[in-house]
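Okay, final-v3.txt is below, compact mmCIF, C-alpha atoms:
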# COMPACT_ATOMS: atom_id res chain seq x y z
CA MET Z 1 213.32 -36.23 163.77
CA ASN Z 2 213.66 -39.97 164.42
CA PHE Z 3 211.28 -41.68 166.81
CA PRO Z 4 211.94 -44.96 168.69
CA TYR Z 5 209.21 -46.84 166.84
CA ILE Z 6 208.53 -48.10 163.36
CA TYR Z 7 205.82 -46.52 161.23
CA ASN Z 8 204.00 -48.91 158.92
CA PHE Z 9 203.07 -47.31 155.60
CA TYR Z 10 200.72 -50.17 154.71
CA SER Z 11 197.32 -50.76 156.30
CA VAL Z 12 196.01 -54.30 156.81
CA ARG Z 13 193.57 -53.77 153.96
CA LYS Z 14 196.33 -52.69 151.57
CA ILE Z 15 198.65 -55.53 152.60
CA MET Z 16 195.95 -58.13 151.95
CA PHE Z 17 195.10 -56.51 148.62
CA LEU Z 18 198.73 -56.47 147.45
CA VAL Z 19 199.18 -60.13 148.39
CA ILE Z 20 196.09 -60.98 146.34
CA LEU Z 21 197.53 -59.06 143.38
CA ALA Z 22 200.83 -60.93 143.74
CA CYS Z 23 198.91 -64.21 143.40
CA ILE Z 24 197.67 -63.28 139.92
CA PRO Z 25 200.73 -64.60 137.96
CA GLY Z 26 200.37 -67.98 139.68
CA ILE Z 27 196.61 -68.02 139.10
CA VAL Z 28 197.08 -67.25 135.42
CA ALA Z 29 199.66 -70.03 135.06
CA LYS Z 30 197.42 -72.49 136.86
CA PHE Z 31 194.47 -71.50 134.68
CA TYR Z 32 196.56 -72.03 131.55
CA PHE Z 33 197.56 -75.58 132.50
CA PHE Z 34 194.45 -76.77 134.39
CA GLY Z 35 191.61 -74.88 132.72
CA SER Z 36 188.65 -72.75 133.76
CA GLY Z 37 187.97 -74.84 136.86
CA VAL Z 38 190.71 -72.87 138.62
CA LEU Z 39 188.87 -69.58 138.08
CA ILE Z 40 185.53 -71.10 139.07
CA GLN Z 41 187.00 -72.51 142.27
CA ILE Z 42 188.55 -69.18 143.26
CA LEU Z 43 185.44 -67.08 142.49
CA PHE Z 44 183.14 -69.56 144.22
CA SER Z 45 185.50 -69.68 147.23
CA ILE Z 46 185.43 -65.87 147.48
CA LEU Z 47 181.63 -65.78 147.42
CA ILE Z 48 181.29 -68.50 150.06
CA ALA Z 49 183.99 -66.95 152.26
CA LEU Z 50 182.29 -63.53 152.15
CA PHE Z 51 178.93 -65.11 152.97
CA LEU Z 52 180.41 -66.99 155.93
CA GLU Z 53 182.29 -63.89 157.08
CA ILE Z 54 179.15 -61.72 157.01
CA THR Z 55 177.10 -64.39 158.78
CA ILE Z 56 179.56 -64.95 161.61
CA LEU Z 57 180.16 -61.20 162.05
CA LYS Z 58 176.43 -60.65 162.51
CA ILE Z 59 176.27 -63.51 165.00
CA ARG Z 60 179.16 -61.93 166.93
CA PHE Z 61 177.52 -58.47 166.73
CA LYS Z 62 180.51 -57.04 164.88
CA LYS Z 63 180.37 -54.22 162.32
CA VAL Z 64 180.20 -56.03 158.99
CA GLN Z 65 181.33 -53.24 156.68
CA ILE Z 66 184.43 -52.34 158.70
CA ASN Z 67 185.57 -55.95 159.13
CA LEU Z 68 184.99 -56.89 155.49
CA LYS Z 69 187.22 -54.04 154.33
CA ASP Z 70 190.36 -55.73 155.68
CA ASN Z 71 190.25 -58.23 152.73
CA SER Z 72 191.36 -61.09 154.99
CA ALA Z 73 188.43 -63.34 154.02
CA VAL Z 74 189.12 -62.74 150.33
CA LEU Z 75 192.82 -63.56 150.71
CA THR Z 76 192.02 -66.74 152.65
CA SER Z 77 189.60 -67.86 149.94
CA VAL Z 78 192.10 -67.08 147.16
CA LEU Z 79 194.89 -69.08 148.85
CA PHE Z 80 192.44 -71.91 149.51
CA GLY Z 81 191.14 -71.79 145.93
CA VAL Z 82 194.59 -72.04 144.32
CA SER Z 83 195.56 -74.92 146.62
CA ILE Z 84 192.71 -77.31 145.79
CA PRO Z 85 192.30 -79.36 142.58
CA PRO Z 86 190.47 -77.51 139.77
CA LEU Z 87 187.43 -79.81 139.62
CA LEU Z 88 186.72 -80.36 143.30
CA PRO Z 89 182.93 -80.61 144.00
CA TRP Z 90 181.31 -77.45 145.31
CA TRP Z 91 180.12 -78.94 148.61
CA MET Z 92 183.68 -79.88 149.54
CA ILE Z 93 184.72 -76.28 149.00
CA ILE Z 94 182.02 -75.16 151.44
CA ILE Z 95 183.22 -77.67 154.05
CA GLY Z 96 186.80 -76.46 153.66
CA LEU Z 97 185.86 -72.78 153.96
CA ILE Z 98 183.69 -73.39 157.02
CA SER Z 99 186.77 -74.92 158.63
CA SER Z 100 188.87 -71.94 157.52
CA ILE Z 101 186.63 -68.95 158.20
CA ILE Z 102 184.43 -70.04 161.09
CA VAL Z 103 186.45 -72.64 162.98
CA THR Z 104 190.04 -71.47 162.48
CA LYS Z 105 189.52 -67.71 162.33
CA HIS Z 106 186.43 -66.59 164.25
CA LEU Z 107 186.29 -69.26 166.94
CA TYR Z 108 189.75 -68.03 167.98
CA GLY Z 109 188.57 -64.43 168.11
CA GLY Z 110 188.90 -63.17 164.55
CA LEU Z 111 191.69 -61.62 162.51
CA GLY Z 112 194.96 -61.39 164.42
CA GLN Z 113 194.06 -63.95 167.08
CA ASN Z 114 194.06 -67.21 165.13
CA ILE Z 115 197.07 -69.44 165.78
CA PHE Z 116 196.73 -71.55 162.63
CA ASN Z 117 196.74 -70.53 158.98
CA PRO Z 118 193.03 -70.60 158.00
CA ALA Z 119 193.52 -71.62 154.36
CA MET Z 120 195.75 -74.55 155.33
CA VAL Z 121 193.31 -75.81 157.96
CA GLY Z 122 190.56 -75.96 155.34
CA TYR Z 123 192.91 -77.72 152.94
CA VAL Z 124 193.98 -80.31 155.55
CA VAL Z 125 190.36 -81.03 156.54
CA LEU Z 126 189.56 -81.87 152.91
CA LEU Z 127 192.81 -83.78 152.37
CA ILE Z 128 192.18 -86.06 155.35
CA SER Z 129 188.46 -86.46 154.63
CA PHE Z 130 188.56 -86.81 150.83
CA PRO Z 131 192.10 -87.88 149.84
CA ILE Z 132 191.13 -89.26 146.41
CA TYR Z 133 189.42 -86.02 145.35
CA MET Z 134 192.23 -83.87 146.74
CA ASN Z 135 194.89 -85.70 144.70
CA ASP Z 136 192.93 -85.72 141.45
CA TRP Z 137 194.43 -83.07 139.17
CA HIS Z 138 193.03 -82.72 135.64
CA LYS Z 139 195.08 -81.19 132.87
CA ARG Z 140 193.41 -78.76 130.52
CA ASP Z 141 192.23 -80.06 127.15
CA PHE Z 142 193.69 -77.46 124.76
CA SER Z 143 191.50 -78.72 121.88
CA VAL Z 144 188.44 -77.33 123.68
CA SER Z 145 187.53 -73.65 123.45
CA PHE Z 146 187.47 -71.47 126.54
CA PHE Z 147 183.66 -71.33 126.56
CA ASN Z 148 183.27 -75.11 126.33
CA ASP Z 149 185.99 -75.62 128.92
CA LEU Z 150 184.11 -73.24 131.20
CA LYS Z 151 180.86 -75.19 130.72
CA GLN Z 152 182.57 -78.52 131.25
CA SER Z 153 184.31 -77.38 134.42
CA ALA Z 154 181.13 -75.84 135.85
CA TYR Z 155 179.23 -79.04 135.07
CA VAL Z 156 181.78 -81.24 136.87
CA ILE Z 157 182.02 -78.93 139.89
CA PHE Z 158 178.33 -78.16 140.44
CA LEU Z 159 176.22 -80.79 138.67
CA LYS Z 160 178.03 -84.03 137.88
CA ASP Z 161 177.67 -85.81 141.22
CA HIS Z 162 174.07 -84.61 141.64
CA ILE Z 163 172.94 -85.77 138.18
CA ASP Z 164 174.72 -89.11 138.52
CA HIS Z 165 173.01 -89.65 141.87
CA ILE Z 166 169.52 -88.90 140.49
CA ASP Z 167 169.69 -91.13 137.43
CA LYS Z 168 172.84 -92.80 136.22
CA ASN Z 169 171.06 -93.93 133.04
CA ASN Z 170 170.07 -90.47 131.86
CA SER Z 171 172.29 -88.84 129.27
CA ILE Z 172 173.08 -85.19 128.89
CA ASP Z 173 171.60 -83.65 125.75
CA ASP Z 174 174.43 -81.17 125.32
CA PRO Z 175 177.37 -83.08 123.79
CA SER Z 176 179.83 -80.51 125.10
CA LEU Z 177 179.01 -81.66 128.64
CA ASN Z 178 179.59 -85.34 127.96
CA ILE Z 179 183.14 -85.39 129.21
CA THR Z 180 185.29 -87.85 131.03
CA PRO Z 181 187.90 -85.67 132.74
CA ASP Z 182 189.53 -88.74 134.28
CA SER Z 183 190.98 -89.46 130.85
CA PHE Z 184 193.39 -86.56 131.20
CA THR Z 185 194.20 -86.76 134.88
CA GLU Z 186 197.77 -85.68 135.62
CA ALA Z 187 199.88 -87.55 138.15
CA THR Z 188 202.13 -84.98 139.79
CA PRO Z 189 205.86 -85.63 140.27
CA LEU Z 190 205.23 -85.96 144.01
CA ASN Z 191 202.58 -88.63 143.35
CA ASP Z 192 205.02 -90.42 141.05
CA PHE Z 193 207.56 -90.52 143.85
CA LYS Z 194 205.00 -91.95 146.29
CA ILE Z 195 204.12 -94.70 143.80
CA LYS Z 196 207.79 -95.51 143.43
CA SER Z 197 208.26 -95.61 147.21
CA HIS Z 198 205.39 -98.08 147.68
CA LEU Z 199 206.66 -100.30 144.88
CA MET Z 200 210.05 -100.63 146.56
CA LYS Z 201 208.60 -103.51 148.58
CA ASP Z 202 208.23 -105.48 145.34
CA ASP Z 203 211.52 -105.64 143.41
CA PHE Z 204 209.88 -106.76 140.16
CA SER Z 205 207.28 -103.97 140.24
CA LEU Z 206 209.93 -101.40 141.13
CA LYS Z 207 212.19 -102.46 138.25
CA LYS Z 208 209.25 -102.33 135.88
CA TYR Z 209 208.27 -98.87 137.15
CA ILE Z 210 211.82 -97.53 136.91
CA LEU Z 211 212.15 -98.80 133.34
CA LYS Z 212 208.97 -96.97 132.43
CA ASN Z 213 209.82 -93.86 134.43
CA LYS Z 214 213.61 -93.70 134.51
CA LYS Z 215 213.77 -90.48 136.44
CA ILE Z 216 211.22 -88.41 138.32
CA SER Z 217 211.52 -84.92 136.89
CA VAL Z 218 209.68 -81.63 137.14
CA GLN Z 219 206.62 -81.43 134.90
CA SER Z 220 206.44 -78.26 132.84
CA SER Z 221 203.03 -77.28 134.23
CA TRP Z 222 204.12 -77.31 137.89
CA LYS Z 223 207.46 -75.74 137.02
CA TYR Z 224 205.84 -72.68 135.44
CA ILE Z 225 203.21 -72.44 138.16
CA ASN Z 226 205.88 -72.36 140.85
CA ILE Z 227 207.96 -69.87 138.87
CA SER Z 228 204.89 -67.61 138.59
CA PHE Z 229 204.29 -67.69 142.34
CA PHE Z 230 208.01 -67.06 142.86
CA LEU Z 231 207.82 -63.90 140.73
CA GLY Z 232 204.78 -62.70 142.66
CA GLY Z 233 206.58 -63.42 145.93
CA VAL Z 234 209.65 -61.47 144.84
CA CYS Z 235 207.40 -58.47 144.17
CA LEU Z 236 206.10 -58.73 147.73
CA LEU Z 237 209.67 -58.83 149.03
CA PHE Z 238 210.68 -55.69 147.15
CA ALA Z 239 207.49 -53.94 148.29
CA GLY Z 240 208.35 -54.75 151.90
CA ILE Z 241 205.11 -56.66 152.46
CA ILE Z 242 206.74 -59.89 153.61
CA CYS Z 243 209.99 -60.64 155.42
CA TRP Z 244 212.77 -62.32 153.45
CA ARG Z 245 213.86 -64.49 156.38
CA ILE Z 246 211.02 -67.01 156.16
CA PRO Z 247 211.14 -67.86 152.43
CA ILE Z 248 214.94 -67.88 152.36
CA SER Z 249 215.30 -70.13 155.42
CA PHE Z 250 212.51 -72.42 154.19
CA LEU Z 251 213.96 -72.86 150.69
CA THR Z 252 217.54 -73.11 151.98
CA SER Z 253 216.76 -75.85 154.50
CA LEU Z 254 214.68 -77.77 151.96
CA GLY Z 255 217.43 -77.39 149.36
CA ILE Z 256 220.26 -78.53 151.66
CA LEU Z 257 218.36 -81.59 152.87
CA SER Z 258 217.18 -82.62 149.40
CA MET Z 259 220.63 -82.04 147.85
CA THR Z 260 222.34 -84.12 150.54
CA THR Z 261 219.97 -87.06 150.22
CA TYR Z 262 219.82 -86.84 146.42
CA CYS Z 263 223.61 -87.07 146.24
CA TYR Z 264 223.41 -90.09 148.54
CA SER Z 265 220.88 -91.91 146.32
CA GLU Z 266 219.23 -90.59 143.16
CA LYS Z 267 216.81 -93.54 143.12
CA LEU Z 268 215.54 -93.18 146.67
CA PHE Z 269 215.22 -89.38 146.93
CA MET Z 270 213.97 -86.52 144.78
CA SER Z 271 216.27 -83.82 143.48
CA PRO Z 272 216.12 -80.26 144.86
CA LEU Z 273 214.58 -79.07 141.57
CA VAL Z 274 211.66 -81.46 141.99
CA HIS Z 275 211.14 -80.21 145.55
CA PHE Z 276 211.35 -76.55 144.54
CA PHE Z 277 209.18 -76.64 141.41
CA SER Z 278 206.56 -79.26 142.28
CA GLY Z 279 203.44 -78.99 144.41
CA GLY Z 280 202.94 -75.79 146.38
CA THR Z 281 206.53 -75.03 147.34
CA MET Z 282 206.71 -71.44 146.10
CA LEU Z 283 203.14 -70.73 147.15
CA CYS Z 284 204.13 -71.80 150.65
CA ALA Z 285 207.43 -69.93 150.67
CA PHE Z 286 206.03 -66.50 149.78
CA PHE Z 287 202.29 -66.53 150.48
CA ILE Z 288 201.39 -69.10 153.17
CA SER Z 289 204.34 -69.35 155.54
CA THR Z 290 204.71 -65.54 155.62
CA ASP Z 291 201.27 -64.96 157.16
CA PRO Z 292 202.12 -62.31 159.81
CA VAL Z 293 199.49 -63.56 162.28
CA THR Z 294 200.62 -67.18 162.50
CA THR Z 295 204.39 -66.78 162.21
CA SER Z 296 207.07 -65.79 164.67
CA CYS Z 297 207.43 -62.14 165.69
CA THR Z 298 211.23 -62.08 166.12
CA ASN Z 299 213.85 -62.02 163.37
CA ILE Z 300 215.65 -65.12 164.63
CA GLY Z 301 212.30 -66.78 165.22
CA LYS Z 302 211.30 -66.25 161.60
CA ILE Z 303 214.45 -68.08 160.47
CA VAL Z 304 213.75 -70.95 162.87
CA PHE Z 305 210.13 -71.02 161.69
CA GLY Z 306 211.20 -71.32 158.04
CA ILE Z 307 213.73 -74.05 158.85
CA ILE Z 308 211.06 -76.06 160.67
CA ILE Z 309 208.73 -75.89 157.66
CA GLY Z 310 211.48 -76.81 155.20
CA THR Z 311 212.60 -79.77 157.31
CA LEU Z 312 209.06 -81.06 157.77
CA VAL Z 313 208.30 -80.73 154.05
CA TRP Z 314 211.34 -82.85 153.24
CA ILE Z 315 210.45 -85.48 155.86
CA ILE Z 316 206.77 -85.78 154.93
CA ARG Z 317 207.43 -85.85 151.18
CA ASN Z 318 209.98 -88.62 151.56
CA TYR Z 319 208.54 -90.79 154.32
CA SER Z 320 204.77 -90.27 154.58
CA ASP Z 321 201.85 -91.45 152.45
CA TYR Z 322 200.89 -87.88 151.49
CA PRO Z 323 202.45 -86.63 148.23
CA ASP Z 324 202.76 -83.00 149.32
CA ALA Z 325 203.52 -81.71 152.79
CA ILE Z 326 202.98 -77.96 152.72
CA ALA Z 327 199.78 -77.75 154.77
CA PHE Z 328 200.85 -80.21 157.47
CA SER Z 329 204.27 -78.57 157.81
CA VAL Z 330 202.85 -75.06 158.12
CA LEU Z 331 200.25 -76.07 160.72
CA PHE Z 332 202.82 -77.92 162.82
CA ALA Z 333 205.15 -74.93 162.63
CA ASN Z 334 202.25 -72.67 163.69
CA MET Z 335 201.98 -74.71 166.90
CA THR Z 336 205.63 -74.04 167.72
CA VAL Z 337 205.42 -70.26 167.29
CA PRO Z 338 204.76 -69.42 171.00
CA LEU Z 339 207.77 -71.52 172.03
CA ILE Z 340 209.93 -70.00 169.27
CA ASP Z 341 208.98 -66.46 170.33
CA TYR Z 342 209.66 -67.26 173.98
CA CYS Z 343 213.13 -68.63 173.24
CA THR Z 344 214.13 -65.88 170.78
CA LYS Z 345 212.55 -62.82 172.42
CA THR Z 346 214.61 -59.65 172.61
CA SER Z 347 214.47 -56.74 175.04
CA GLY Z 348 212.29 -53.74 174.29
CA TYR Z 349 213.67 -50.38 173.25
CA GLY Z 350 215.58 -48.87 176.16
CA HIS Z 351 215.35 -51.98 178.34
CA ASN Z 352 217.83 -54.67 179.26
CA LYS Z 353 217.01 -58.29 178.49
CA ILE Z 354 216.03 -60.14 181.64
Output the structure of this file as structure tokens.
Amino acid sequence: MNFPYIYNFYSVRKIMFLVILACIPGIVAKFYFFGSGVLIQILFSILIALFLEITILKIRFKKVQINLKDNSAVLTSVLFGVSIPPLLPWWMIIIGLISSIIVTKHLYGGLGQNIFNPAMVGYVVLLISFPIYMNDWHKRDFSVSFFNDLKQSAYVIFLKDHIDHIDKNNSIDDPSLNITPDSFTEATPLNDFKIKSHLMKDDFSLKKYILKNKKISVQSSWKYINISFFLGGVCLLFAGIICWRIPISFLTSLGILSMTTYCYSEKLFMSPLVHFFSGGTMLCAFFISTDPVTTSCTNIGKIVFGIIIGTLVWIIRNYSDYPDAIAFSVLFANMTVPLIDYCTKTSGYGHNKI
């Protein structure tokens, strides 16, 4: 017998858990190219997020065990952890997660009542407050063993700034910790484009830069990371966890705009491939923009929501001072969701649209 309602076979806890599992291919790819710092950041983010979640639940006199079982805090910390650079200092991670868990989630009433994506709010707070740290990506040194890479990453994340502040003249006895990660910092394709855009004011500098970097292309590390998140996102689509309308409309709008402008001028605009496989494009398409709490509730609204994000990503990447635009675009689109839902609402079952 058919009933006039939809039965959801997935609980909130299971949905969150499956999304976390789908992130694993992207996490593995990021670990391969950027080292053990990625794993440390994610695990540390999970611990801090759980601590903050338990603390605020007790303050609000909520049942801790029941609310922790929904896995929402873990998913927020995982998405936040894969978005930040691999060697970001630990205290910045705490600031970002306070903004995500306490300010964005619980001050709005908890899970299901927040209007902004928690992970992206934490990311934006750090990006605005510490722009140099947030654009400092360090490639993995493949000549170093996993154990030494783990020690080096932990040292930079938890101890480096503290030890340098206490005594800049003291040396570390362990030679494996005497590292200078700045020597293998990777400039992302999006950063390369921003450098090129700023140099356009100086013709000589621009010509010199173009001769050195004839064409801004997709770096292999970011290409494989985005492909990995794409594969995880496709699994979520086939499992029915996320709606196809948001990622398709987001990628389609971004692709049409970037293709049109790239055909107009290859020197002034990035190609669609650079947009698709650089930065957090695929992470946004399948894991961030599809957050069911902060996106539109209607089918047409989801398409509009994805188009808004894709358009804003293209605008910010091409015309702003920020290399990537995922977080800003998602948060701005979150603000438009009530208006989108109001304009695209449909009548209920058995009722005529007023």
Residues within 9 Å of region 282-297 of chain Z, please, as number ranges by chain. Count all atoms listed in the file; anything in the same chain fewer than 5 positions from it doesn't count.
Z: 19, 22-23, 26, 79, 83, 111-117, 119-120, 225-230, 232-234, 236-237, 242-244, 246-248, 250-251, 276-277, 302-306, 309, 326-327, 330, 333-338, 340-341, 345
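Distance check against Lys58 (chain Z) using only C-alpha atoms: of Z:Leu273, Z:Ser153, Z:Lys223, Z:His106, the minimum falls on Z:His106.
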As a check of understanding: the span from CA of Leu68 (chain Z) to CA of Gln41 (chain Z) is 20.6 Å
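Each of Z:Leu231, Z:Tyr262, Z:Pro131, Z:Phe51 was compared to Asp321 (chain Z) using all atoms listed in the file, and Z:Pro131 turns out to be the nearest.
A straight line drawn from CA of Asn71 (chain Z) to CA of Met134 (chain Z) is 26.4 Å long.
Going from CA of Arg245 (chain Z) to CA of Gly109 (chain Z) covers 27.9 Å.
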Name all residues at most 9 Å from region 93-102 of chain Z (count all atoms listed in the file; drop same-chain ones fewer than 3 positions away) and give them as an NGL selection string.
:Z and (41 or 44-45 or 48-49 or 52-53 or 56 or 73 or 76-77 or 80-81 or 84 or 88-90 or 105-108 or 110 or 117-126)
Could you pull the residues within 8 Å of region 312-318 of chain Z, counting only C-alpha atoms, minus those fewer than 5 positions along the same chain, as a PyMOL selection string?
chain Z and resi 190+194+254+257-258+269+323-326+329
